[in-house]
Amino acid sequence: PSANIGVVGLAVMGSNLARNLASREGNTVAIFNRSSDKTEHLVQAHPEAEFVPAFSYEDFADSLHKPRTAIIMVKAGKGTDAVIDALVNVFEPGDIIVDGGNALFTDTIRREKAVRETGINFVGAGISGGEEGALLGPSIMPGGSDESWVTLGPILKSIAAIAEGEPCVTHVGHDGAGHFVKMVHNGIEYADMQLIAEAYDLIRRGTGRTPAEIADVFAEWNTGELESYLIEITAEVLRQTDAATGLPLVDVILDQAGAKGTGAWTVQTALDLGVPVSGIAEAVFARSLSSHPEQRAVSRELPGPSASSGTEFGVTAQDAETFIEDVRLALYASKIVAYSQGFDEIRAGAAQYGWTIDLGAIAKIWRGGCIIRAQFLNRISDAYAQTPDLPVLLTAPYFVEALGRAQDSWRRIVSTAAAAGIPAPAFSSSLSYYDGLRAERLPAALVQGQRDFFGAHTYKRIDKEGTFHTLWSGDRTEIEAEDTH
Ligand code: NDP
């Protein structure tokens with residue numbers, strides 16, 4: 001055996017990851033793909049890389065030293081199960097199978113349990129950064145056992161992105177923890193993208209600036225506290241002109257956003273955990289709304305704000321700078337909410353599934369390689385370094401200051417959007433969440449009253465212990481009740 005690491009699945013992600021591995025000192029990479037043409041092609045196209053091609057699972061296993069370590073990069077779902085079954089047949093106890101695909105974390109929990117019974121280690125590792133990340137350095141979120149991390153850690157550190165001198169990989173937690181965190185990463189990505197899109201829309205419709213002019217605004221923002229990969233690429237996209245029509249590219253792209261499902265997973269899981277990730281949910285729903293042309297077609301004639309209500313939108317040239325600064329601050333505040341909600345989901349997931357997750361370390365490994373990479377993540381790791389069990393991220397001193405500075409702008413932008421009839425679902429739901437958290441009293445008290453009225457669901461009182469029920473259909477006196485929620 002001559003290889004220390006193997007890759008199974010040589011489509012875009014797998015072949016780039018294999019090349020990344022082969023480019024690092026000390027690695028010899030065994031490669032295998034179900035159809036042999038991809039394996040042959042990779043070897044031929046990259047003579048510089050030290051690959052050991054295999055054309056059967058047996059050869060693949062024979063070419064790896066022990067403990068054998070193989071990363072699977074195949075189509076998530078049944079493909080992953082098929083490859084795991086094949087590898088379990090040819091691997092031995094102590095060997096390590098890593099699934100680097102986008103698996104649902106509950107599948108990873110199930111697979112880890114099944115594979116563990118054979119004595120083989122199974123590690124679900126979230127890998128972020130798309131094709132380019134896989135080739136040059138992704139952000140990697142591995143779960144799995146402590147034992148497998150001993151062998152796997154140095155290999156993954158060698159291929160991960162580097163942010164401020166530190167590799168963007170950490171042992172997230174056991175079994176499905178890595179894929180869980182990757183899922184939430186994607187959810188946050190949805191929210192961040194939606195917020196940026198709302199900011200663009202408001203500036204465009206409010207000030208009449210062209211996409212190229214708005215590209216300049218985003219490029220400027222990218223030099224400040226919003227500095228991030230997503231802001232940077234937004235400027236690039238807005239600046240692009242369509243060769244065929246000469247129009248801004250953004251104006252010829254069909255306005256129906258696609259999705260591969262990880263955002264929906266984040267929201268579904270949050271619903272199960274009872275964690276309000278409203279910013280992420282609005283982002284997922286905004287994509288759904290955009291992708292129903294038949295609904296949009298019949299809705300186009302719905303009445304909008306009347307001109308006589310004085311809400312006609314249009315910012316004068318001299319007010320444009322102020323308006324754009326308001327949008328920037330609204331974006332920043334909403335972004336803080338989205339990340340806070342995402343970290344809240346990770347905290348709740350860890351509690352539910354028994355993982356010990358260092359939230360500050362997660363913020364750090366997202367600083368490089370992945371789509372949501374940003375300076376801002378340092379503020380999050382600082383916040384958790386100061387208070388590791390912080391119940392709500394946005395209550396950390398740095399964010400309190402930022403939200404205090406941004407909130408007047410945020411409120412102006414949300415009300416302007418509402419008055420002008422411009423949808424800003426992620427901006428406005430984030431603000432409502434913020435105000436919900438802040439509230440001294442919530443109308444949840446009334447909801448409890450309603451629940452008690454129709455379902456005798458009982459309620460608690462602010463002034464004494466116990467559980468109570470009002471005899472709504474009787475004389476409406478209050479009785480002490482059993483706690484049935
Ligand atoms: P695809 O998701 O398109 O999957 C194609 C690969 O899966 C091929 O190598 C194919 O083999 C293999 N495959 C499918 N079914 C089986 C099976 N039953 N047995 C063996 N092999 C099978 O490849 P990508 O490179 O796009 O993605 C790989 C993984 O990485 C996916 O889980 C994806 O979600 C994840 N990912 C992708 C990102 C991206 O930007 N594309 C980013 C992050 C993660 P064959 O050639 O024989 O058909």
# chains A, B, ... in the order shown; residues from 1 in each chain; ligands from 1
>>> residues_around(residues="Leu104 (chain A)", least_positions_apart="3", cutoff="10 Å", atoms="only C-alpha atoms", output="PyMOL selection string")
chain A and resi 76-77+101+107-109+124+126+176+179-180+182-183+261-262+265-266
>>> select_by_dssp(residues="region 71-292 of chain A", states="strand (DSSP E or B)", output="ChimeraX atom specification")
/A:71-72,96-99,121-128,139-142,162-163,166-167,169,228,241,248
>>> residues_around(residues="Leu202 (chain A)", least_positions_apart="6", cutoff="8 Å", atoms="only C-alpha atoms", output="list in words")
Val327, Ala417 and Ile422 of chain A
>>> residues_around(residues="Ala406 (chain A)", least_positions_apart="3", cutoff="6 Å", atoms="only C-alpha atoms", output="list of chain:residue names")
A:Leu329, A:Leu403, A:Ser409
>>> write_last_selection(atoms="all heavy atoms", output="mmCIF file, in the first residue's frame")
data_model
loop_
_atom_site.group_PDB
_atom_site.id
_atom_site.type_symbol
_atom_site.label_atom_id
_atom_site.label_comp_id
_atom_site.auth_asym_id
_atom_site.auth_seq_id
_atom_site.Cartn_x
_atom_site.Cartn_y
_atom_site.Cartn_z
ATOM 1 N N LEU A 329 -26.925 49.982 7.365
ATOM 2 C CA LEU A 329 -27.069 49.658 8.787
ATOM 3 C C LEU A 329 -28.190 48.641 9.021
ATOM 4 O O LEU A 329 -28.077 47.768 9.885
ATOM 5 C CB LEU A 329 -27.292 50.935 9.600
ATOM 6 C CG LEU A 329 -26.027 51.794 9.727
ATOM 7 C CD1 LEU A 329 -26.353 53.203 10.196
ATOM 8 C CD2 LEU A 329 -25.011 51.145 10.679
ATOM 9 N N LEU A 403 -26.066 47.133 17.199
ATOM 10 C CA LEU A 403 -27.523 47.198 17.014
ATOM 11 C C LEU A 403 -28.057 48.549 17.484
ATOM 12 O O LEU A 403 -28.954 49.125 16.864
ATOM 13 C CB LEU A 403 -28.206 46.044 17.765
ATOM 14 C CG LEU A 403 -27.943 44.654 17.162
ATOM 15 C CD1 LEU A 403 -28.261 43.546 18.164
ATOM 16 C CD2 LEU A 403 -28.768 44.446 15.889
ATOM 17 N N SER A 409 -31.925 53.407 11.828
ATOM 18 C CA SER A 409 -31.879 53.218 10.368
ATOM 19 C C SER A 409 -32.716 52.001 9.972
ATOM 20 O O SER A 409 -33.475 52.029 9.003
ATOM 21 C CB SER A 409 -30.443 52.969 9.913
ATOM 22 O OG SER A 409 -29.639 54.077 10.218
#
>>> closest_atom_pairs(of="chain A", to="ligand 1", cutoff="6 Å", atoms="only C-alpha atoms and all ligand atoms", output="Markdown table")
| residue | atom | partner | partner_atom_place_in_ligand_line | distance |
| --- | --- | --- | --- | --- |
| A:Gly9 | CA | ligand 1 | 9 (O) | 3.7 |
| A:Leu10 | CA | ligand 1 | 9 (O) | 4.5 |
| A:Ala11 | CA | ligand 1 | 25 (O) | 4.2 |
| A:Val12 | CA | ligand 1 | 25 (O) | 4.0 |
| A:Met13 | CA | ligand 1 | 25 (O) | 3.6 |
| A:Gly14 | CA | ligand 1 | 25 (O) | 5.4 |
| A:Asn33 | CA | ligand 1 | 9 (O) | 5.6 |
| A:Arg34 | CA | ligand 1 | 47 (O) | 3.9 |
| A:Ser35 | CA | ligand 1 | 47 (O) | 3.9 |
| A:Met73 | CA | ligand 1 | 28 (C) | 4.5 |
| A:Val74 | CA | ligand 1 | 7 (O) | 3.4 |
| A:Lys75 | CA | ligand 1 | 2 (O) | 3.5 |
| A:Ala76 | CA | ligand 1 | 32 (O) | 4.0 |
| A:Gly79 | CA | ligand 1 | 18 (N) | 3.6 |
| A:Ala82 | CA | ligand 1 | 18 (N) | 5.2 |
| A:Val83 | CA | ligand 1 | 19 (N) | 5.4 |
| A:Gly101 | CA | ligand 1 | 32 (O) | 3.2 |
| A:Asn102 | CA | ligand 1 | 34 (O) | 4.1 |
| A:Ile127 | CA | ligand 1 | 43 (C) | 5.5 |
| A:Ser128 | CA | ligand 1 | 43 (C) | 5.2 |
| A:Gly130 | CA | ligand 1 | 40 (O) | 3.4 |
| A:Glu131 | CA | ligand 1 | 40 (O) | 5.2 |
>>> write_last_selection(atoms="all heavy atoms", output="compact mmCIF listing (two decimals), in the first residue's frame")
# COMPACT_ATOMS: atom_id res chain seq x y z
N GLY A 9 -15.37 8.91 -5.60
CA GLY A 9 -16.31 9.87 -6.21
C GLY A 9 -15.50 10.99 -6.81
O GLY A 9 -14.97 11.83 -6.10
N LEU A 10 -15.37 10.98 -8.12
CA LEU A 10 -14.47 11.93 -8.77
C LEU A 10 -15.21 12.87 -9.73
O LEU A 10 -14.72 13.22 -10.79
CB LEU A 10 -13.35 11.18 -9.50
CG LEU A 10 -12.52 10.25 -8.60
CD1 LEU A 10 -11.52 9.44 -9.42
CD2 LEU A 10 -11.79 11.03 -7.52
N ALA A 11 -16.42 13.29 -9.33
CA ALA A 11 -17.07 14.38 -10.07
C ALA A 11 -16.37 15.67 -9.67
O ALA A 11 -15.24 15.62 -9.17
CB ALA A 11 -18.56 14.39 -9.75
N VAL A 12 -17.00 16.80 -9.86
CA VAL A 12 -16.33 18.09 -9.62
C VAL A 12 -15.69 18.17 -8.22
O VAL A 12 -14.50 18.47 -8.09
CB VAL A 12 -17.37 19.23 -9.70
CG1 VAL A 12 -16.67 20.57 -9.69
CG2 VAL A 12 -18.25 19.09 -10.91
N MET A 13 -16.49 17.90 -7.21
CA MET A 13 -16.01 18.11 -5.84
C MET A 13 -14.91 17.11 -5.50
O MET A 13 -13.87 17.47 -4.96
CB MET A 13 -17.16 17.96 -4.84
CG MET A 13 -18.15 19.09 -4.87
SD MET A 13 -17.43 20.66 -4.32
CE MET A 13 -17.27 20.37 -2.57
N GLY A 14 -15.13 15.83 -5.80
CA GLY A 14 -14.17 14.79 -5.45
C GLY A 14 -12.84 14.97 -6.16
O GLY A 14 -11.78 14.82 -5.56
N ASN A 33 -13.59 5.85 -8.72
CA ASN A 33 -14.92 6.33 -9.11
C ASN A 33 -15.68 5.14 -9.70
O ASN A 33 -15.10 4.28 -10.35
CB ASN A 33 -14.81 7.44 -10.16
CG ASN A 33 -16.14 8.14 -10.37
OD1 ASN A 33 -16.64 8.84 -9.49
ND2 ASN A 33 -16.73 7.93 -11.54
N ARG A 34 -17.00 5.11 -9.48
CA ARG A 34 -17.81 3.98 -9.97
C ARG A 34 -17.57 3.76 -11.46
O ARG A 34 -17.27 2.65 -11.89
CB ARG A 34 -19.28 4.25 -9.69
CG ARG A 34 -20.21 3.17 -10.19
CD ARG A 34 -21.64 3.49 -9.86
NE ARG A 34 -22.06 4.78 -10.43
CZ ARG A 34 -23.28 5.28 -10.31
NH1 ARG A 34 -24.21 4.62 -9.63
NH2 ARG A 34 -23.59 6.44 -10.84
N SER A 35 -17.67 4.80 -12.26
CA SER A 35 -17.34 4.62 -13.68
C SER A 35 -15.88 5.01 -13.88
O SER A 35 -15.45 6.09 -13.47
CB SER A 35 -18.24 5.46 -14.58
OG SER A 35 -18.95 6.42 -13.85
N MET A 73 -17.03 11.43 -1.85
CA MET A 73 -17.62 12.66 -2.41
C MET A 73 -18.56 12.26 -3.54
O MET A 73 -18.24 12.44 -4.72
CB MET A 73 -16.53 13.59 -2.96
CG MET A 73 -15.72 14.30 -1.90
SD MET A 73 -16.67 15.25 -0.71
CE MET A 73 -17.02 16.71 -1.60
N VAL A 74 -19.67 11.64 -3.19
CA VAL A 74 -20.63 11.22 -4.22
C VAL A 74 -21.97 11.88 -3.97
O VAL A 74 -22.18 12.57 -2.97
CB VAL A 74 -20.79 9.68 -4.28
CG1 VAL A 74 -19.45 9.00 -4.53
CG2 VAL A 74 -21.46 9.14 -3.03
N LYS A 75 -22.85 11.67 -4.90
CA LYS A 75 -24.20 12.24 -4.81
C LYS A 75 -24.81 11.83 -3.47
O LYS A 75 -24.85 10.65 -3.15
CB LYS A 75 -25.03 11.68 -5.97
CG LYS A 75 -26.23 12.50 -6.28
CD LYS A 75 -26.82 12.10 -7.63
CE LYS A 75 -27.83 13.14 -8.07
NZ LYS A 75 -27.21 14.46 -8.26
N ALA A 76 -25.28 12.82 -2.69
CA ALA A 76 -25.81 12.54 -1.36
C ALA A 76 -27.06 11.68 -1.45
O ALA A 76 -27.83 11.78 -2.41
CB ALA A 76 -26.11 13.86 -0.63
N GLY A 79 -26.51 7.11 -3.18
CA GLY A 79 -25.12 6.93 -3.65
C GLY A 79 -24.19 6.77 -2.46
O GLY A 79 -23.31 5.89 -2.45
N ALA A 82 -24.59 3.37 -0.89
CA ALA A 82 -23.99 2.31 -1.72
C ALA A 82 -22.48 2.27 -1.53
O ALA A 82 -21.89 1.19 -1.38
CB ALA A 82 -24.34 2.55 -3.20
N VAL A 83 -21.85 3.44 -1.51
CA VAL A 83 -20.39 3.48 -1.37
C VAL A 83 -19.97 3.03 0.03
O VAL A 83 -19.00 2.29 0.20
CB VAL A 83 -19.84 4.88 -1.71
CG1 VAL A 83 -18.34 4.95 -1.45
CG2 VAL A 83 -20.15 5.23 -3.16
N GLY A 101 -19.89 14.57 1.52
CA GLY A 101 -21.02 15.09 0.76
C GLY A 101 -21.96 15.90 1.64
O GLY A 101 -21.75 16.02 2.85
N ASN A 102 -23.00 16.44 1.02
CA ASN A 102 -23.97 17.23 1.77
C ASN A 102 -25.05 16.32 2.35
O ASN A 102 -26.19 16.35 1.90
CB ASN A 102 -24.62 18.24 0.84
CG ASN A 102 -23.99 19.60 1.00
OD1 ASN A 102 -23.40 19.91 2.02
ND2 ASN A 102 -24.14 20.42 -0.03
N ILE A 127 -18.34 19.97 4.08
CA ILE A 127 -17.27 20.67 3.34
C ILE A 127 -17.91 21.83 2.60
O ILE A 127 -18.82 21.63 1.80
CB ILE A 127 -16.56 19.71 2.37
CG1 ILE A 127 -15.95 18.52 3.14
CG2 ILE A 127 -15.49 20.45 1.57
CD1 ILE A 127 -15.11 17.58 2.30
N SER A 128 -17.44 23.02 2.90
CA SER A 128 -18.04 24.20 2.28
C SER A 128 -17.05 24.93 1.39
O SER A 128 -15.86 24.92 1.66
CB SER A 128 -18.53 25.16 3.35
OG SER A 128 -18.99 26.33 2.74
N GLY A 130 -17.70 25.10 -2.26
CA GLY A 130 -17.92 24.75 -3.67
C GLY A 130 -16.67 24.18 -4.30
O GLY A 130 -15.76 23.72 -3.62
N GLU A 131 -16.65 24.24 -5.63
CA GLU A 131 -15.54 23.65 -6.39
C GLU A 131 -14.20 24.28 -6.05
O GLU A 131 -13.21 23.59 -5.89
CB GLU A 131 -15.73 23.95 -7.89
CG GLU A 131 -16.88 23.28 -8.53
CD GLU A 131 -17.02 23.78 -9.96
OE1 GLU A 131 -15.99 23.97 -10.63
OE2 GLU A 131 -18.17 23.97 -10.38
>>> select_by_dssp(residues="region 364-436 of chain A", states="alpha helix (DSSP H)", output="JSON, numbers by chain")
{"A": [364, 365, 377, 378, 379, 380, 381, 382, 383, 384, 385, 386, 397, 398, 399, 400, 401, 402, 403, 404, 405, 406, 407, 408, 409, 410, 411, 412, 413, 414, 415, 416, 417, 418, 419, 420, 425, 426, 427, 428, 429, 430, 431, 432, 433, 434, 435, 436]}
>>> closest_residue(among="A:Gln256, A:Thr477, A:Ser291, A:Ser228", to="Asp192 (chain A)", atoms="only C-alpha atoms")
A:Ser228
>>> atom_distance(atom1="CA of Met193 (chain A)", atom2="CA of Asn16 (chain A)")
25.5 Å
>>> residues_around(residues="Ala348 (chain A)", least_positions_apart="6", cutoff="9 Å", atoms="only C-alpha atoms", output="JSON, numbers by chain")
{"A": [270, 273, 274, 275]}
>>> atom_distance(atom1="CA of Cys168 (chain A)", atom2="CA of Val277 (chain A)")
25.0 Å
